[in-house]
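Taking it in order: structure first as structure tokens, then the write-up.
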There are 2 protein chains.
Amino acid sequence: MNGADALISTLVANEVTACFANPGTSEMQFVAALDGVPAMRPVLCQFEGVATGAADGYGRIADRPACTLLHLGPGYGNGVANLHNARRAFTPIVNVIGDHATYHRQYDAPLNSDIATLVKPNSIWVKSADTPESVAAITAEAVAASYGPPGGPVSLILPADSAWLPAQGEPVIAQKPVRPAPAGSAIDGAAKAIKGAKKPVVLLGGQACRAEALKEAARLEAAGVTVYTDTFVARQPRGAGGYLPKKMQYFGEMALAELEGVDLMVFAGTTVPVAFFAYPNRPSVLAPEGCETLTVIERGEDAVAGLAALADALGAPKSGPVQSLALPDAGPTGKLTSYAVGASIARHMPEGAIICDDAVTSGAGVAANTATARPHEVLALTGGAIGIGLPLAIGAAVAAPDRKVLSLNGDGAAMYTIQALWTMARENLDITVVVFANYTYRILNVEMERTGAGKAGPSARKLLDLGGPDIDFVAVAKGLGLPAVSCSTGEEFEKAFAGAMAQRGPMFIEAKI
Amino acid sequence: MNGADALISTLVANEVTACFANPGTSEMQFVAALDGVPAMRPVLCQFEGVATGAADGYGRIADRPACTLLHLGPGYGNGVANLHNARRAFTPIVNVIGDHATYHRQYDAPLNSDIATLVKPNSIWVKSADTPESVAAITAEAVAASYGPPGGPVSLILPADSAWLPAQGEPVIAQKPVRPAPAGSAIDGAAKAIKGAKKPVVLLGGQACRAEALKEAARLEAAGVTVYTDTFVARQPRGAGGYLPKKMQYFGEMALAELEGVDLMVFAGTTVPVAFFAYPNRPSVLAPEGCETLTVIERGEDAVAGLAALADALGAPKSGPVQSLALPDAGPTGKLTSYAVGASIARHMPEGAIICDDAVTSGAGVAANTATARPHEVLALTGGAIGIGLPLAIGAAVAAPDRKVLSLNGDGAAMYTIQALWTMARENLDITVVVFANYTYRILNVEMERTGAGKAGPSARKLLDLGGPDIDFVAVAKGLGLPAVSCSTGEEFEKAFAGAMAQRGPMFIEAKI
């Protein structure tokens, strides 16, 4: 048994059983050790941003971490953007980052870099296992740390000699940390404030948006409190049979207009909402002036217990409103739009589907049509770094092989991690990918005006438009091993999407909107 | 005039005239400001690793920095791997990283991150322009800092309000730093040591491998000194009419075998060679035991002056050996190999071509055949982070629009930054891309054994092989807008490559080896 064996057996002993990997020479012992632990599923990603985004999707659905295997600083670097998103989703992830042998670091070989500094901004825990004897204990500690609460990505640096040298002993088991219930005083204070407010609002985020918590939140609405969720939620059930709160608007001025007159904002599993970006002469904080704010449930606390206690304290009924099932009667027709896509999705998406949403401006059309669809869950882009929709779907599909996964992507977003299509094909994952092809960074055309930057001239246009040439996504997807079809009309999309839902395995649909 | 205008006009005034960009909302003023400064060429990359690799290629060929435009921490993160390579190539690059408005940072909006920490490992200079008035001076300082010497990537953080608020004044011009000549005592000491040694070797790196420096290095060989270059050199002329030193072997045991009996190693523009990776029971430092080592020219010093002085001090002849032109008589036939590819390249590559080499295990076949080809230059993978061959070619082609650029890539390497193909198409760059498709990380199959990790079983194989499905690179390349062809025989490759050399504009060749 060497350090790599100790690492993998400890991971598996702590219920970490999926490894999204892109290895290099310094990780060869890890790779070899996988053969000895078949309970660990290795999934090759031909780019590390796919691996980290997949680990995020896995963690959100499995509620336990996957590990990644990354090749030194540059390998980790390629994974940074989606780890930023995972940090914002509070997803537990154990990043295993191979490093040079401890004694080799001093020579500053070409692949050497300051990994400890590089990982800092997106890690809630960092350690380097500098001896083989320390590997098992540090690995167990890493898994436990990834749970938080709230959870997040941790970074376990594994020097090559710690992997290849002998390591004795059994796998170390770590205790999963428990989410504490919020203090009774916080519940009582919030209940009292809500009772005394004219127009109170409760804002839910994170764990407060999960299924059991939403049942309790629905009771608040039944008690006359307006309930919102954050704009971007890591994992939220939607559709028939569940409670769907309002959603905080993305654009600050719209959010503030909607909140006009609100005199109390109570935060459950989240914090005060702020504008996604700053704009000249517009406020950063999205709470009305003079509005009182308070936190009833911290991100790391037990949101179900907290919301139940708050509902009880308000004397709320035992249950609140739920969505009824209502599907579009007919498939879409005519020119394809994101709303037409949403209609087909609503009609054919099976119960239990998981939507991975990186559709940017096209997301609204889908969301509008799926609110009363069959029960499903949505994983949103929590950190604003586009390029997560494809990897997230890989992770969700590995975590839940019996559920249909939809990956919705803007064309600009899809291009960041297009390599993910190959992994979907190789692993034969039950994912239907939709890429909304409008051949532009549409959101930036909107934001250019909003930031006061003026009208785009020829140079600016070159950076906002994605045409010239228009990408043929069907050719790309087929080249990467997926069956693929292009749709320009509602009828075409309806047929393609219904077909995708009727089969298992990966399918790619280009939606020309 | 706002801060963004001040930034771009200062960049252009300091000869920074290419911008490899992937913007977001916080960079809209920069994007708008481009319209006012047509001397700055904006090049859109649909992934930031393409932008940073392109800036590296540009800097190596232009000998002045390009800038990148990156979207906050995650945008920079996507560019890290190729900035690692650029740091190891000592390439001047000015990274402009958009950030939230200064007053907005405190609210920790979703895209907020600790950019200053994230950039540290791969920046030789970092500053945030926190007021619009500071932008011009900080920009000039950034450009100057990027030159070093030795050069490298610098990070200029641009908060959105510094970009959009008014900024007065003229562009600030920075003085380019001058490379000092090595001290006379260093030259005399090295000359004396060389004269006293039985088997002296001079090892060249960085600037000591450029055309003018190699002429002087050839004189050392004429004086009886064995001359080597580093294994991976940022930019090196090869082919007829120039001097081609030996190259340090990649595998440590081969390097040490070749250096047996060497009692003196003198470093010019580089440092003591070390093994690319550590291996159990093998040395890290690639100098024979007991061998004396000394540095005659530091990386930041004037290598031409230094090598000339050393040659003079050794009483070397005024000129040394050069390669004669010798091309393969006939094109390759039969099953395609990397050597066959090299033969076709040697036969048809025009004078002045630039080879961007990310071919990993297939590179040797090309190098073996092109040593006596028409004069050309090779840009190598300096930092070991594969995925640079396509972006590097973009930058080289933008910097030298009259030169043919060849981009040679392993299939695994090409996949990291496959988005680069679209930029080649859009900018109609004169690049011929070759992807060596062997459907495996071949180097890792070799390294697995060398690291003592043993034989790959089924799990390990999943992480080493790239097949299942085999990627159809021609379909992918066509989808991204390039004309593309696949070759399985020498005859097919010969025809495709000769055709590519006879035309202008981008062309993609899949070489099935």
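Just so we're on the same page: first chain in the structure tokens is A, next is B, and so on; residues restart at 1 for each chain, and ligands are numbered from 1 in the order they show up.
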Wanna dump the chain A-chain B contacts at 6 Å for me, each residue with its shortest atom pair and the distance in Å to one decimal, counting only C-alpha atoms, ordered by chain and number, as a Markdown table?
```
| residue | atom | partner | partner_atom | distance |
| --- | --- | --- | --- | --- |
| A:Thr25 | CA | B:Glu447 | CA | 5.9 |
| A:Met28 | CA | B:Met448 | CA | 5.6 |
| A:Gln29 | CA | B:Ala453 | CA | 5.1 |
| A:Val31 | CA | B:Ala460 | CA | 5.2 |
| A:Ala32 | CA | B:Ala460 | CA | 5.6 |
| A:Leu34 | CA | B:Ser459 | CA | 5.9 |
| A:Asp35 | CA | B:Ser459 | CA | 5.2 |
| A:Leu44 | CA | B:Leu463 | CA | 5.4 |
| A:Phe47 | CA | B:Tyr416 | CA | 5.3 |
| A:Pro74 | CA | B:Ala81 | CA | 4.2 |
| A:Gly77 | CA | B:Val80 | CA | 5.2 |
| A:Asn78 | CA | B:Asn78 | CA | 5.3 |
| A:Val80 | CA | B:Gly77 | CA | 5.2 |
| A:Ala81 | CA | B:Pro74 | CA | 4.2 |
| A:Ala109 | CA | B:Phe276 | CA | 5.7 |
| A:Pro110 | CA | B:Gly383 | CA | 4.8 |
| A:Leu111 | CA | B:Gly383 | CA | 5.5 |
| A:Asp114 | CA | B:Pro121 | CA | 5.6 |
| A:Leu118 | CA | B:Leu118 | CA | 5.3 |
| A:Pro121 | CA | B:Asp114 | CA | 5.6 |
| A:Phe276 | CA | B:Ala109 | CA | 5.7 |
| A:Gly383 | CA | B:Pro110 | CA | 4.8 |
| A:Gly384 | CA | B:Leu111 | CA | 5.6 |
| A:Tyr416 | CA | B:Phe47 | CA | 5.3 |
| A:Arg426 | CA | B:Gly468 | CA | 5.7 |
| A:Glu447 | CA | B:Thr25 | CA | 5.9 |
| A:Met448 | CA | B:Met28 | CA | 5.6 |
| A:Ala453 | CA | B:Gln29 | CA | 5.1 |
| A:Gly457 | CA | B:Asp35 | CA | 5.6 |
| A:Ser459 | CA | B:Asp35 | CA | 5.2 |
| A:Ala460 | CA | B:Val31 | CA | 5.2 |
| A:Leu463 | CA | B:Leu44 | CA | 5.4 |
| A:Gly468 | CA | B:Arg426 | CA | 5.7 |
| A:Pro469 | CA | B:Gly481 | CA | 5.8 |
| A:Ile471 | CA | B:Leu480 | CA | 5.2 |
| A:Asp472 | CA | B:Gly479 | CA | 4.4 |
| A:Ala475 | CA | B:Gly479 | CA | 4.8 |
| A:Val476 | CA | B:Val476 | CA | 4.3 |
| A:Gly479 | CA | B:Asp472 | CA | 4.4 |
| A:Leu480 | CA | B:Ile471 | CA | 5.2 |
| A:Gly481 | CA | B:Pro469 | CA | 5.9 |
```
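The residues of stretch 238-345 of chain B that DSSP assigns to strand (DSSP E or B) on this backbone come out as Arg238, Lys246, Lys247, Leu264, Met265, Val266, Phe267, Ala268, Val274, Val285, Glu292, Thr293, Leu294, Thr295, Val296, Ile297 and Lys335 of chain B.
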Save the residues we just selected, all heavy atoms, as a tab-separated table (two decimals), in the first residue's frame?
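Here's the written file result.tsv:
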```tsv
chain	number	residue	atom	x	y	z
B	238	ARG	N	15.64	27.49	-36.42
B	238	ARG	CA	16.16	26.18	-36.84
B	238	ARG	C	16.28	26.17	-38.36
B	238	ARG	O	15.81	27.05	-39.04
B	238	ARG	CB	15.24	25.04	-36.38
B	238	ARG	CG	15.34	24.71	-34.90
B	238	ARG	CD	14.40	23.57	-34.54
B	238	ARG	NE	15.07	22.29	-34.35
B	238	ARG	CZ	14.83	21.20	-35.07
B	238	ARG	NH1	13.97	21.21	-36.07
B	238	ARG	NH2	15.46	20.07	-34.81
B	246	LYS	N	23.13	21.06	-29.80
B	246	LYS	CA	22.44	19.88	-29.27
B	246	LYS	C	21.32	20.36	-28.34
B	246	LYS	O	21.34	21.48	-27.85
B	246	LYS	CB	23.40	19.01	-28.45
B	246	LYS	CG	24.51	18.35	-29.22
B	246	LYS	CD	25.49	17.73	-28.21
B	246	LYS	CE	26.75	17.21	-28.87
B	246	LYS	NZ	26.55	15.90	-29.51
B	247	LYS	N	20.40	19.44	-28.07
B	247	LYS	CA	19.30	19.78	-27.16
B	247	LYS	C	19.36	18.87	-25.94
B	247	LYS	O	19.59	17.67	-26.07
B	247	LYS	CB	17.98	19.59	-27.91
B	247	LYS	CG	16.75	19.82	-27.07
B	247	LYS	CD	15.47	19.53	-27.84
B	247	LYS	CE	15.12	20.69	-28.74
B	247	LYS	NZ	13.67	20.92	-28.84
B	264	LEU	N	32.25	20.52	-16.43
B	264	LEU	CA	31.88	21.93	-16.26
B	264	LEU	C	30.63	22.22	-17.09
B	264	LEU	O	30.58	21.91	-18.29
B	264	LEU	CB	33.02	22.84	-16.74
B	264	LEU	CG	32.69	24.33	-16.80
B	264	LEU	CD1	32.51	24.92	-15.39
B	264	LEU	CD2	33.76	25.11	-17.57
B	265	MET	N	29.63	22.81	-16.43
B	265	MET	CA	28.46	23.29	-17.17
B	265	MET	C	28.34	24.79	-16.94
B	265	MET	O	28.31	25.26	-15.80
B	265	MET	CB	27.18	22.59	-16.70
B	265	MET	CG	27.16	21.10	-17.03
B	265	MET	SD	25.58	20.31	-16.56
B	265	MET	CE	24.55	20.77	-17.94
B	266	VAL	N	28.31	25.52	-18.04
B	266	VAL	CA	28.22	26.98	-17.98
B	266	VAL	C	26.86	27.39	-18.53
B	266	VAL	O	26.48	26.96	-19.62
B	266	VAL	CB	29.35	27.62	-18.82
B	266	VAL	CG1	29.22	29.14	-18.85
B	266	VAL	CG2	30.71	27.21	-18.28
B	267	PHE	N	26.13	28.21	-17.77
B	267	PHE	CA	24.75	28.55	-18.15
B	267	PHE	C	24.67	29.95	-18.73
B	267	PHE	O	25.14	30.92	-18.14
B	267	PHE	CB	23.83	28.43	-16.93
B	267	PHE	CG	23.98	27.10	-16.24
B	267	PHE	CD1	24.37	27.02	-14.90
B	267	PHE	CD2	23.77	25.92	-16.95
B	267	PHE	CE1	24.54	25.79	-14.29
B	267	PHE	CE2	23.94	24.68	-16.33
B	267	PHE	CZ	24.33	24.62	-15.00
B	268	ALA	N	24.06	30.03	-19.89
B	268	ALA	CA	23.89	31.32	-20.58
B	268	ALA	C	22.40	31.54	-20.83
B	268	ALA	O	21.80	30.85	-21.65
B	268	ALA	CB	24.66	31.33	-21.90
B	274	VAL	N	16.96	20.67	-14.64
B	274	VAL	CA	16.39	19.72	-13.68
B	274	VAL	C	15.41	18.82	-14.41
B	274	VAL	O	14.87	19.18	-15.46
B	274	VAL	CB	15.67	20.44	-12.51
B	274	VAL	CG1	16.65	21.31	-11.75
B	274	VAL	CG2	14.50	21.26	-13.00
B	285	VAL	N	18.50	16.90	-10.27
B	285	VAL	CA	19.37	17.83	-11.00
B	285	VAL	C	20.10	17.08	-12.11
B	285	VAL	O	20.67	16.02	-11.87
B	285	VAL	CB	20.38	18.49	-10.03
B	285	VAL	CG1	21.38	19.35	-10.80
B	285	VAL	CG2	19.64	19.33	-9.00
B	292	GLU	N	31.34	20.90	-12.13
B	292	GLU	CA	31.27	22.30	-11.70
B	292	GLU	C	30.21	23.02	-12.52
B	292	GLU	O	30.04	22.73	-13.71
B	292	GLU	CB	32.64	22.98	-11.91
B	292	GLU	CG	32.76	24.35	-11.25
B	292	GLU	CD	34.01	25.12	-11.72
B	292	GLU	OE1	34.92	24.50	-12.31
B	292	GLU	OE2	34.04	26.35	-11.50
B	293	THR	N	29.46	23.92	-11.87
B	293	THR	CA	28.45	24.69	-12.61
B	293	THR	C	28.65	26.17	-12.34
B	293	THR	O	29.00	26.57	-11.23
B	293	THR	CB	27.02	24.31	-12.17
B	293	THR	OG1	26.88	24.59	-10.78
B	293	THR	CG2	26.72	22.83	-12.43
B	294	LEU	N	28.46	26.98	-13.38
B	294	LEU	CA	28.49	28.43	-13.16
B	294	LEU	C	27.65	29.14	-14.21
B	294	LEU	O	27.41	28.62	-15.30
B	294	LEU	CB	29.93	28.95	-13.13
B	294	LEU	CG	30.80	28.85	-14.38
B	294	LEU	CD1	30.57	30.05	-15.30
B	294	LEU	CD2	32.27	28.84	-13.94
B	295	THR	N	27.20	30.33	-13.85
B	295	THR	CA	26.35	31.12	-14.74
B	295	THR	C	27.18	32.23	-15.36
B	295	THR	O	27.79	33.03	-14.63
B	295	THR	CB	25.17	31.72	-13.95
B	295	THR	OG1	24.39	30.64	-13.46
B	295	THR	CG2	24.31	32.60	-14.85
B	296	VAL	N	27.20	32.28	-16.68
B	296	VAL	CA	27.95	33.37	-17.34
B	296	VAL	C	27.02	34.50	-17.75
B	296	VAL	O	27.41	35.66	-17.72
B	296	VAL	CB	28.76	32.82	-18.53
B	296	VAL	CG1	27.87	32.20	-19.61
B	296	VAL	CG2	29.62	33.93	-19.17
B	297	ILE	N	25.79	34.16	-18.12
B	297	ILE	CA	24.83	35.20	-18.52
B	297	ILE	C	23.51	34.92	-17.81
B	297	ILE	O	22.92	33.85	-17.98
B	297	ILE	CB	24.59	35.17	-20.06
B	297	ILE	CG1	25.93	35.31	-20.80
B	297	ILE	CG2	23.62	36.26	-20.48
B	297	ILE	CD1	25.82	34.97	-22.28
B	335	LYS	N	1.90	3.98	-44.22
B	335	LYS	CA	1.24	4.36	-42.97
B	335	LYS	C	1.80	5.67	-42.42
B	335	LYS	O	3.01	5.89	-42.40
B	335	LYS	CB	1.44	3.24	-41.95
B	335	LYS	CG	0.50	3.39	-40.76
B	335	LYS	CD	0.76	2.43	-39.65
B	335	LYS	CE	0.30	2.99	-38.29
B	335	LYS	NZ	-0.33	4.29	-38.26
```
For this session: Quick one: pick out all helix (DSSP H, G or I) residues within stretch 433-493 of chain A from a backbone DSSP run and write them as a VMD selection string.
Result: chain A and resid 442 to 450 458 to 464 473 to 479 490 to 493
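Between A:Thr231 and the residues A:Gln168, A:Tyr439, A:Leu379, A:Ile354, the shortest atom-to-atom distance, using only C-alpha atoms, involves A:Leu379.
Every protein or nucleic acid residue with an atom no more than 7 Å from stretch 250-258 of chain B, counting only C-alpha atoms and leaving out same-chain residues fewer than 2 positions away, appears here: Thr231, Met248, Glu260, Ala275, Leu286, Ala287 and Pro288 of chain B.
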Residues from the last selection, C-alpha atoms, saved as a compact mmCIF listing (two decimals), in the first residue's frame:
```txt
# COMPACT_ATOMS: atom_id res chain seq x y z
CA THR B 231 14.85 21.10 -23.85
CA MET B 248 19.05 18.61 -23.57
CA GLU B 260 28.73 11.63 -18.76
CA ALA B 275 14.24 16.71 -14.44
CA LEU B 286 20.65 16.95 -14.46
CA ALA B 287 24.33 17.69 -13.96
CA PRO B 288 26.84 14.84 -13.59
```
Seminar exercise, completed: Here atom CA of B:Asp302 and atom CA of B:Pro150 stand apart by 10.1 Å
Problem set entry | Near-A:Ala340 list (9 Å; only C-alpha atoms; drop same-chain fewer than 6 positions) as a ChimeraX atom specification | /A:331-334,365-366,369,489-490,493-494
Would you mind exporting the chosen residues as a compact mmCIF listing (two decimals), in the first residue's frame, restricted to N, CA and C atoms?
```txt
# COMPACT_ATOMS: atom_id res chain seq x y z
N GLY A 331 -47.61 21.57 -29.04
CA GLY A 331 -46.21 21.89 -29.25
C GLY A 331 -46.06 23.24 -29.94
N PRO A 332 -44.89 23.84 -29.81
CA PRO A 332 -44.65 25.15 -30.43
C PRO A 332 -44.62 25.06 -31.95
N THR A 333 -44.92 26.16 -32.59
CA THR A 333 -44.88 26.22 -34.05
C THR A 333 -44.15 27.48 -34.49
N GLY A 334 -43.73 27.50 -35.74
CA GLY A 334 -43.12 28.70 -36.30
C GLY A 334 -41.69 28.90 -35.84
N GLY A 365 -37.10 32.11 -20.97
CA GLY A 365 -38.16 31.49 -21.76
C GLY A 365 -38.48 30.08 -21.29
N VAL A 366 -37.44 29.39 -20.86
CA VAL A 366 -37.66 28.04 -20.35
C VAL A 366 -38.33 28.10 -18.97
N ASN A 369 -42.05 28.67 -18.83
CA ASN A 369 -42.93 27.59 -19.27
C ASN A 369 -42.87 26.34 -18.40
N THR A 489 -37.23 25.68 -36.11
CA THR A 489 -38.66 25.95 -35.89
C THR A 489 -39.14 25.21 -34.65
N GLY A 490 -40.28 25.67 -34.18
CA GLY A 490 -40.90 25.01 -33.04
C GLY A 490 -41.21 23.55 -33.34
N PHE A 493 -38.08 21.49 -33.17
CA PHE A 493 -37.59 21.29 -31.80
C PHE A 493 -38.49 20.33 -31.04
N GLU A 494 -39.79 20.51 -31.21
CA GLU A 494 -40.76 19.62 -30.54
C GLU A 494 -40.47 18.15 -30.86
```
For this session: For A:Ala346, work out the shell of residues within 6 Å, counting only C-alpha atoms and skipping chain neighbours fewer than 2 positions away, then give it as a PyMOL selection string.
Result: chain A and resi 343-344+348-349+370+373
For this session: Please indicate the distance in Å from atom CA of B:Glu221 to atom CA of B:Gly320, rounded to one decimal place.
Result: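 If I compute the distance from atom CA of B:Glu221 to atom CA of B:Gly320, I get 6.7 Å.
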For this session: Could you check which of B:Gln323, B:Ser123, B:Ser338, B:Thr372 is closest to B:Ile513, using only C-alpha atoms?
Result: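 Ranking B:Gln323, B:Ser123, B:Ser338, B:Thr372 by distance to B:Ile513, first place goes to B:Ser338.
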Problem set entry | Distance query stretch 198-207 of chain A at most 8 Å, only C-alpha atoms, self and fewer than 4 positions along chain excluded, as a list in words |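 In the requested format, the answer is Ala89, Phe90, Ile194, Ala213, Val225, Thr226, Val227, Tyr228, Thr229, Asp230, Val233, Ala234, Arg235, Gly261, Val262, Asp263, Leu264, Met265, Val266, Phe267, Ala268, Gly269, Thr270, Arg299, Asp302 and Ala303 of chain A.
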